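The structure under discussion appears below in the form of structure tokens.
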Amino acid sequence: MRLFTCRASGANALAPWLIALLACFTAFSALAADSSETDRAALIKDVKEITGPGSPGQVSVFGPQAFALVAGKEGKTASGVVVAAARAGKGRIVVFGHTGYLDAGVLGVADTGKLMDNAIAWSGAAPKPVLVVPKSKAFADALAQRGFTVAQTPLAQLQPGQVLVLSAHSLTEADVPLVAKFVANGGGFITASTGWGWAQGGKSLANEFLGNKLLPPFGLAISGGFVGKTTANGFAVGAVPELVHAGKALEAARTGAKLSKDDLAQASASLTDAAQSLPADDKTFLPKLRGLRSQSGVNTTPTAKSPVKADQLAARVLVSLEGRELNRLPPGQVKAHPAAASFPGAVPADAPRDKATVVVQTRVPEWHSTGFYAAPGETVTVRVPANAAKAGWKIRIGAHSDKLWHLDTWKRFPEISRNFPVTAEETKVASAFGGLIYVETPKGKDLGEVSVEFAGAVRAPHYVHGKTTLAEWKQLRDAPAPWGELETRKVVVTLPAGVLRTLEDPVALMKTWDETLDLIADLAAIPRDRPRAERIVCDEQISAGYMHSGYPIMTWLDMPPRLVTETHMHKGDWGIGHEIGHNHQVGDWTFEGTGEVTCNLFTMYVIDQLGGTKPANGRVGLPVVAEKFKNYTAGGKPDFAKWQADPFLVLAMYVQLQHAFGWDAYKKVFAEYRALPDAERPKGNTEKMDQWMVRFSKTVNRNLGPFFRAWGLPVTDKAVASIEKLPAWPKEEWPGTNGKF
């Protein structure tokens, strides 16, 4: 029986198609029984575990006919969806949270192939529907080998009952209405997207990603979150929390349902994710989220004194909606947000709004500090030469680039930095939160020295090592902006102005910072003259940990006094060294279990060479190593899993090698890795362990095979045999063992 008809005019009339589809799916949802549980059972039949390629992204699920298939970890207690599905009109859709799921290689890992088989059969409503795989011959061939028929059908000629397998990243604007019509008329669609990866280009997943123009009417969206694995290599497949479905979470928020702490965290995560993922023109779920604005007394101004927590569901949704809308406002409509006064801080009303020129050295890529600050809600005008207007530049407001949407508690507004593409000689920029102003330049586009004019900006404390005189600093440190920077060609440290105003003489301090970065470069076997400076930013709240690596390295507001104290930095700061070390790790010599360890080699080297505390005498000194080695090997056969799980136990082994063979051995091995041709680089953990043992052994001219095996590393017999003719390194010579210190 024909229950309804869906019509839309013009294959490329995207907006009318979405309106027509919305009406179509609303009618279908009202008439069709909720078959989600039956559908889910069919999709995960005989599937116990699937792989997790790379760092899987997240799928937001909110529609009445949409449901989660596989979930992983999101934050401490919540779950995030990595595979989801939905009935859509007469058709069906399955969405994977990483494009790697459409690679042929994953089909043979765990039950991933079985899930794909089930997804194809369910999507096509037949055991062996005809497939159309237009963008990946390798995946098409792999599916053909599994017994499926693959046709070469143009998208405009797809027929009901066929199943289209196509990455959301491969969609074009013209494809969206074609695929929507195909699905509504009874087609199957299997797609995948690594949302967070796409968003790294600085574009909006909600409003610019074509996958999120196609999927929301079906009750699904691609989000920018990560999903943590639940098994060693992927995801266990079983029951998923009910409130991973944002529609059900919204119902709990609207009705004030009493939820457990974990359920509140889950509902909060699901709603926040949906609010961030939906396009501005969504007519399915976004209006329902906005309906929470009718609730009174909701805190939408998160601060350290009045944070927004996971159990405040309405507040979480409304802050999320406000954040997405603030990022879309043109500069002329931006007003100061109430939370800005708390963080990053207010600008005095009487502070001069200056007009000045800054010279940008474009051979250096990424952020360029300007020494100026945009006051919250105020427009700053930026002028560049004509050639720079076509060079892919951006103007950034705000060094505090960490996004906190995934956290259980927001001590500041979760997203407070914003950038603007430079597409003309004049660009107007503004932020509701204000922030330091940067010029962002891409790699590989050297325009030489370029003068950039700013009007309407506030001067910030800004010291440039080797350029700013002490007399100039005595004046600049009192500049009215609430944040400022200490800059060298090797490092830039972003600090509250209140701390900078107490700094009398930054010369010795920044010389120490430069020495730190030079030592790290020496150990890493890279030139001291860096392509661009490392950046360290202090923040009210960061996205992960006490500090985290990246560009910029992020840390909390208890750090600034230490970062501007030369005596402290000269001794070497373990945390800062650890994070800079992360930025200099090389995957070829960092195998599973050593990710939080080999970065500490750089920390120890700085503390040794600059601070004068040898690794054998520090927090991982030889007495500590001896105790760890004794306890670890006391039971006989060493437990490699236990070794991998204890970073300071792992570090003990590296300390022994350093004490026995010195830092030069590490430098030589690291330099050897940097010079490796691609064909010789290790593939996988076993090869990484084998090469590390063999290359270090040959560098120090000792057979380290027995040493590595004493620590329980599963190096191969072949690798051990390759170094057995080297001079032995007997156990009595191992530092920290058998009483040898």
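Order determines the names: the first chain of the structure tokens is A, the second B, and so forth; residues in each chain are numbered 1 upward, and ligands are numbered 1 upward as they are shown.
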
Practice problem: Name the residues of range 307-454 of chain A that come out as strand (DSSP E or B) in a backbone DSSP run; write them as a PyMOL selection string. | Solution: chain A and resi 308-309+354-361+366-374+380-383+394-397+409-410+418-421+426-429+435-441+449-454

Quiz prompt | Within 9 Å of Asn299 in chain A using only C-alpha atoms, minus same-chain residues under 2 positions, as a list in words | solution =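 Neighbouring residues, sequence-local ones excluded: Gly297, Thr301, Pro302, Ser306, Pro307, Val308, Gln312, Ala314, Ala315, Arg316, Leu318 and Val319 of chain A.
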
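Minimum distance to Thr441 in chain A across A:Ala460, A:Ala665, A:Val620, A:Val422 (counting only C-alpha atoms) occurs at A:Val422.
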
Quiz item: Could you pull the residues within 6 Å of range 416-420 of chain A, counting only C-alpha atoms, minus those fewer than 4 positions along the same chain, as an NGL selection string?
Solution: :A and (394-398 or 401 or 433)

Can you write just those residues out, all heavy atoms, as a CSV table (one decimal), in the first residue's frame?
```
chain,number,residue,atom,x,y,z
A,394,LYS,N,44.9,33.7,7.5
A,394,LYS,CA,43.8,33.9,8.4
A,394,LYS,C,44.2,34.9,9.5
A,394,LYS,O,45.4,35.0,9.8
A,394,LYS,CB,43.4,32.6,9.1
A,394,LYS,CG,42.9,31.5,8.1
A,394,LYS,CD,42.6,30.2,8.8
A,394,LYS,CE,42.1,29.2,7.8
A,394,LYS,NZ,41.9,27.9,8.5
A,395,ILE,N,43.2,35.5,10.1
A,395,ILE,CA,43.5,36.4,11.3
A,395,ILE,C,42.8,35.6,12.5
A,395,ILE,O,41.6,35.3,12.4
A,395,ILE,CB,42.9,37.8,11.2
A,395,ILE,CG1,43.4,38.5,9.9
A,395,ILE,CG2,43.2,38.6,12.4
A,395,ILE,CD1,45.0,38.7,9.9
A,396,ARG,N,43.6,35.3,13.5
A,396,ARG,CA,43.1,34.6,14.6
A,396,ARG,C,42.9,35.6,15.8
A,396,ARG,O,43.8,36.4,16.0
A,396,ARG,CB,44.1,33.5,15.0
A,396,ARG,CG,43.8,32.9,16.4
A,396,ARG,CD,44.8,31.8,16.8
A,396,ARG,NE,44.4,30.6,16.0
A,396,ARG,CZ,43.4,29.8,16.4
A,396,ARG,NH1,42.8,30.0,17.6
A,396,ARG,NH2,43.1,28.7,15.7
A,397,ILE,N,41.8,35.4,16.5
A,397,ILE,CA,41.6,36.1,17.8
A,397,ILE,C,41.6,35.1,18.9
A,397,ILE,O,40.7,34.2,18.9
A,397,ILE,CB,40.3,37.0,17.8
A,397,ILE,CG1,40.4,38.1,16.7
A,397,ILE,CG2,40.2,37.6,19.2
A,397,ILE,CD1,39.2,38.9,16.7
A,398,GLY,N,42.6,35.1,19.8
A,398,GLY,CA,42.6,34.2,20.9
A,398,GLY,C,43.6,33.1,20.8
A,398,GLY,O,43.6,32.3,19.9
A,401,SER,N,43.0,28.1,22.3
A,401,SER,CA,42.4,27.3,21.2
A,401,SER,C,41.8,26.0,21.6
A,401,SER,O,41.1,25.3,20.8
A,401,SER,CB,43.4,27.1,20.1
A,401,SER,OG,44.6,26.4,20.6
A,433,PHE,N,34.7,37.1,23.0
A,433,PHE,CA,35.5,36.9,24.2
A,433,PHE,C,36.8,37.7,24.1
A,433,PHE,O,37.4,37.8,25.2
A,433,PHE,CB,35.8,35.4,24.3
A,433,PHE,CG,34.5,34.5,24.4
A,433,PHE,CD1,34.0,34.0,23.2
A,433,PHE,CD2,33.9,34.4,25.6
A,433,PHE,CE1,32.8,33.2,23.3
A,433,PHE,CE2,32.7,33.6,25.7
A,433,PHE,CZ,32.2,33.1,24.5
```

Exercise. Find the residues around range 322-333 of chain A up to 9 Å (only C-alpha atoms counted), leave out those fewer than 5 positions away in its own chain, and share them as a ChimeraX atom specification.
Key: /A:206,275-276,280,300,317,377-380,413-416,418,428-432

Output N, CA and C atoms for every residue in that selection, as an mmCIF file, in the first residue's frame.
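Dumped everything to selection.cif:
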```
data_model
loop_
_atom_site.group_PDB
_atom_site.id
_atom_site.type_symbol
_atom_site.label_atom_id
_atom_site.label_comp_id
_atom_site.auth_asym_id
_atom_site.auth_seq_id
_atom_site.Cartn_x
_atom_site.Cartn_y
_atom_site.Cartn_z
ATOM 1 N N ALA A 206 29.315 21.600 10.999
ATOM 2 C CA ALA A 206 27.869 21.797 11.002
ATOM 3 C C ALA A 206 27.377 22.458 9.727
ATOM 4 N N ALA A 275 24.128 19.387 19.380
ATOM 5 C CA ALA A 275 24.024 20.842 19.231
ATOM 6 C C ALA A 275 25.188 21.409 18.434
ATOM 7 N N GLN A 276 26.348 20.780 18.541
ATOM 8 C CA GLN A 276 27.518 21.248 17.808
ATOM 9 C C GLN A 276 27.538 20.777 16.358
ATOM 10 N N ALA A 280 22.843 25.007 10.564
ATOM 11 C CA ALA A 280 21.972 26.094 11.025
ATOM 12 C C ALA A 280 20.563 25.994 10.452
ATOM 13 N N THR A 300 24.133 30.142 31.544
ATOM 14 C CA THR A 300 24.826 30.048 30.261
ATOM 15 C C THR A 300 26.103 30.881 30.249
ATOM 16 N N VAL A 317 23.098 22.398 26.710
ATOM 17 C CA VAL A 317 22.555 22.567 25.360
ATOM 18 C C VAL A 317 22.598 24.030 24.943
ATOM 19 N N GLY A 377 33.905 41.806 21.850
ATOM 20 C CA GLY A 377 32.789 42.460 21.171
ATOM 21 C C GLY A 377 33.149 43.642 20.312
ATOM 22 N N GLU A 378 34.431 43.962 20.177
ATOM 23 C CA GLU A 378 34.836 45.123 19.387
ATOM 24 C C GLU A 378 35.466 44.687 18.071
ATOM 25 N N THR A 379 35.200 45.432 17.027
ATOM 26 C CA THR A 379 35.717 45.115 15.694
ATOM 27 C C THR A 379 37.116 45.689 15.510
ATOM 28 N N VAL A 380 37.989 44.874 14.970
ATOM 29 C CA VAL A 380 39.341 45.295 14.599
ATOM 30 C C VAL A 380 39.442 45.186 13.083
ATOM 31 N N PHE A 413 33.895 29.448 29.010
ATOM 32 C CA PHE A 413 33.126 29.103 27.820
ATOM 33 C C PHE A 413 33.964 28.120 27.007
ATOM 34 N N PRO A 414 33.353 27.047 26.500
ATOM 35 C CA PRO A 414 34.149 25.952 25.934
ATOM 36 C C PRO A 414 34.919 26.273 24.655
ATOM 37 N N GLU A 415 34.552 27.327 23.956
ATOM 38 C CA GLU A 415 35.277 27.672 22.728
ATOM 39 C C GLU A 415 35.348 29.190 22.627
ATOM 40 N N ILE A 416 36.573 29.734 22.750
ATOM 41 C CA ILE A 416 36.685 31.190 22.834
ATOM 42 C C ILE A 416 37.633 31.794 21.809
ATOM 43 N N ARG A 418 38.717 32.298 17.664
ATOM 44 C CA ARG A 418 38.044 32.324 16.369
ATOM 45 C C ARG A 418 39.012 32.832 15.320
ATOM 46 N N LYS A 428 37.625 42.622 8.460
ATOM 47 C CA LYS A 428 37.162 43.017 9.792
ATOM 48 C C LYS A 428 36.982 41.763 10.630
ATOM 49 N N VAL A 429 37.446 41.805 11.877
ATOM 50 C CA VAL A 429 37.394 40.645 12.762
ATOM 51 C C VAL A 429 36.873 41.077 14.126
ATOM 52 N N ALA A 430 36.233 40.143 14.827
ATOM 53 C CA ALA A 430 35.736 40.433 16.172
ATOM 54 C C ALA A 430 35.461 39.118 16.882
ATOM 55 N N SER A 431 35.558 39.145 18.208
ATOM 56 C CA SER A 431 35.280 37.972 19.029
ATOM 57 C C SER A 431 34.461 38.395 20.240
ATOM 58 N N ALA A 432 33.491 37.577 20.596
ATOM 59 C CA ALA A 432 32.689 37.861 21.781
ATOM 60 C C ALA A 432 33.506 37.751 23.057
#
```

Which polymer residues have any atom within 9 Å of an atom of Phe648 in chain A, counting only C-alpha atoms, with same-chain residues fewer than 3 positions away left out, as an mmCIF file with all heavy atoms, in the first residue's frame?
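Wrote around09.cif, looks like this:
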```
data_model
loop_
_atom_site.group_PDB
_atom_site.id
_atom_site.type_symbol
_atom_site.label_atom_id
_atom_site.label_comp_id
_atom_site.auth_asym_id
_atom_site.auth_seq_id
_atom_site.Cartn_x
_atom_site.Cartn_y
_atom_site.Cartn_z
ATOM 1 N N VAL A 597 56.732 7.895 27.567
ATOM 2 C CA VAL A 597 58.061 7.604 28.128
ATOM 3 C C VAL A 597 59.171 8.268 27.329
ATOM 4 O O VAL A 597 59.982 9.024 27.869
ATOM 5 C CB VAL A 597 58.294 6.080 28.189
ATOM 6 C CG1 VAL A 597 59.688 5.772 28.734
ATOM 7 C CG2 VAL A 597 57.229 5.413 29.052
ATOM 8 N N VAL A 620 64.378 9.589 38.680
ATOM 9 C CA VAL A 620 64.479 8.213 38.184
ATOM 10 C C VAL A 620 65.930 7.737 38.331
ATOM 11 O O VAL A 620 66.480 7.079 37.454
ATOM 12 C CB VAL A 620 64.008 8.116 36.719
ATOM 13 C CG1 VAL A 620 62.517 8.256 36.620
ATOM 14 C CG2 VAL A 620 64.706 9.166 35.862
ATOM 15 N N LYS A 628 62.941 -0.879 41.004
ATOM 16 C CA LYS A 628 61.938 -1.225 40.011
ATOM 17 C C LYS A 628 62.314 -2.509 39.275
ATOM 18 O O LYS A 628 61.477 -3.386 39.053
ATOM 19 C CB LYS A 628 61.757 -0.070 39.015
ATOM 20 C CG LYS A 628 60.992 1.122 39.584
ATOM 21 C CD LYS A 628 60.763 2.186 38.529
ATOM 22 C CE LYS A 628 59.937 3.344 39.083
ATOM 23 N NZ LYS A 628 58.552 2.933 39.419
ATOM 24 N N LEU A 651 60.576 3.763 31.773
ATOM 25 C CA LEU A 651 61.641 4.765 31.751
ATOM 26 C C LEU A 651 62.906 4.252 32.417
ATOM 27 O O LEU A 651 64.022 4.625 32.030
ATOM 28 C CB LEU A 651 61.163 6.052 32.433
ATOM 29 C CG LEU A 651 62.091 7.263 32.317
ATOM 30 C CD1 LEU A 651 62.345 7.634 30.867
ATOM 31 C CD2 LEU A 651 61.504 8.451 33.073
ATOM 32 N N ALA A 652 62.747 3.373 33.398
ATOM 33 C CA ALA A 652 63.924 2.823 34.081
ATOM 34 C C ALA A 652 64.863 2.154 33.087
ATOM 35 O O ALA A 652 66.096 2.261 33.199
ATOM 36 C CB ALA A 652 63.479 1.837 35.163
#
```

Practice problem: Can you list, as a PyMOL selection string, all residues belonging to range 168-382 of chain A that DSSP tags as helix (DSSP H, G or I)? | Solution: chain A and resi 168-170+175-184+195-199+205-208+211-214+216-218+242-244+246-255+261-277+286-294+313-326+331-333+338-341

Quiz prompt | Close residues, Glu515 in chain A itself excluded, 10 Å, only C-alpha atoms, min 5 positions apart in chain, as number ranges by chain | solution = A: 490, 509-510, 520-521, 528, 570, 606, 609-610

Quiz item: Using only C-alpha atoms, which residue out of A:Val163, A:Gly124, A:Pro217, A:Trp410 lies closest to Gly89 in chain A?
Solution: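 Counting only C-alpha atoms, the residue closest to Gly89 in chain A is A:Pro217.
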
Exercise. Determine the nearest neighbour of Ala660 in chain A from the options A:Lys731, A:Arg146, A:Arg40, A:His406, counting only C-alpha atoms.
Key: A:Lys731

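Residue neighbourhood of Ala249 in chain A, excluding near-sequence residues (fewer than 2 positions): Leu243, Val244, His245, Ala246, Gly247, Glu251, Ala252, Ala253, Ala267, Ser268, Ser270 and Leu271 of chain A, at 8 Å, using only C-alpha atoms.
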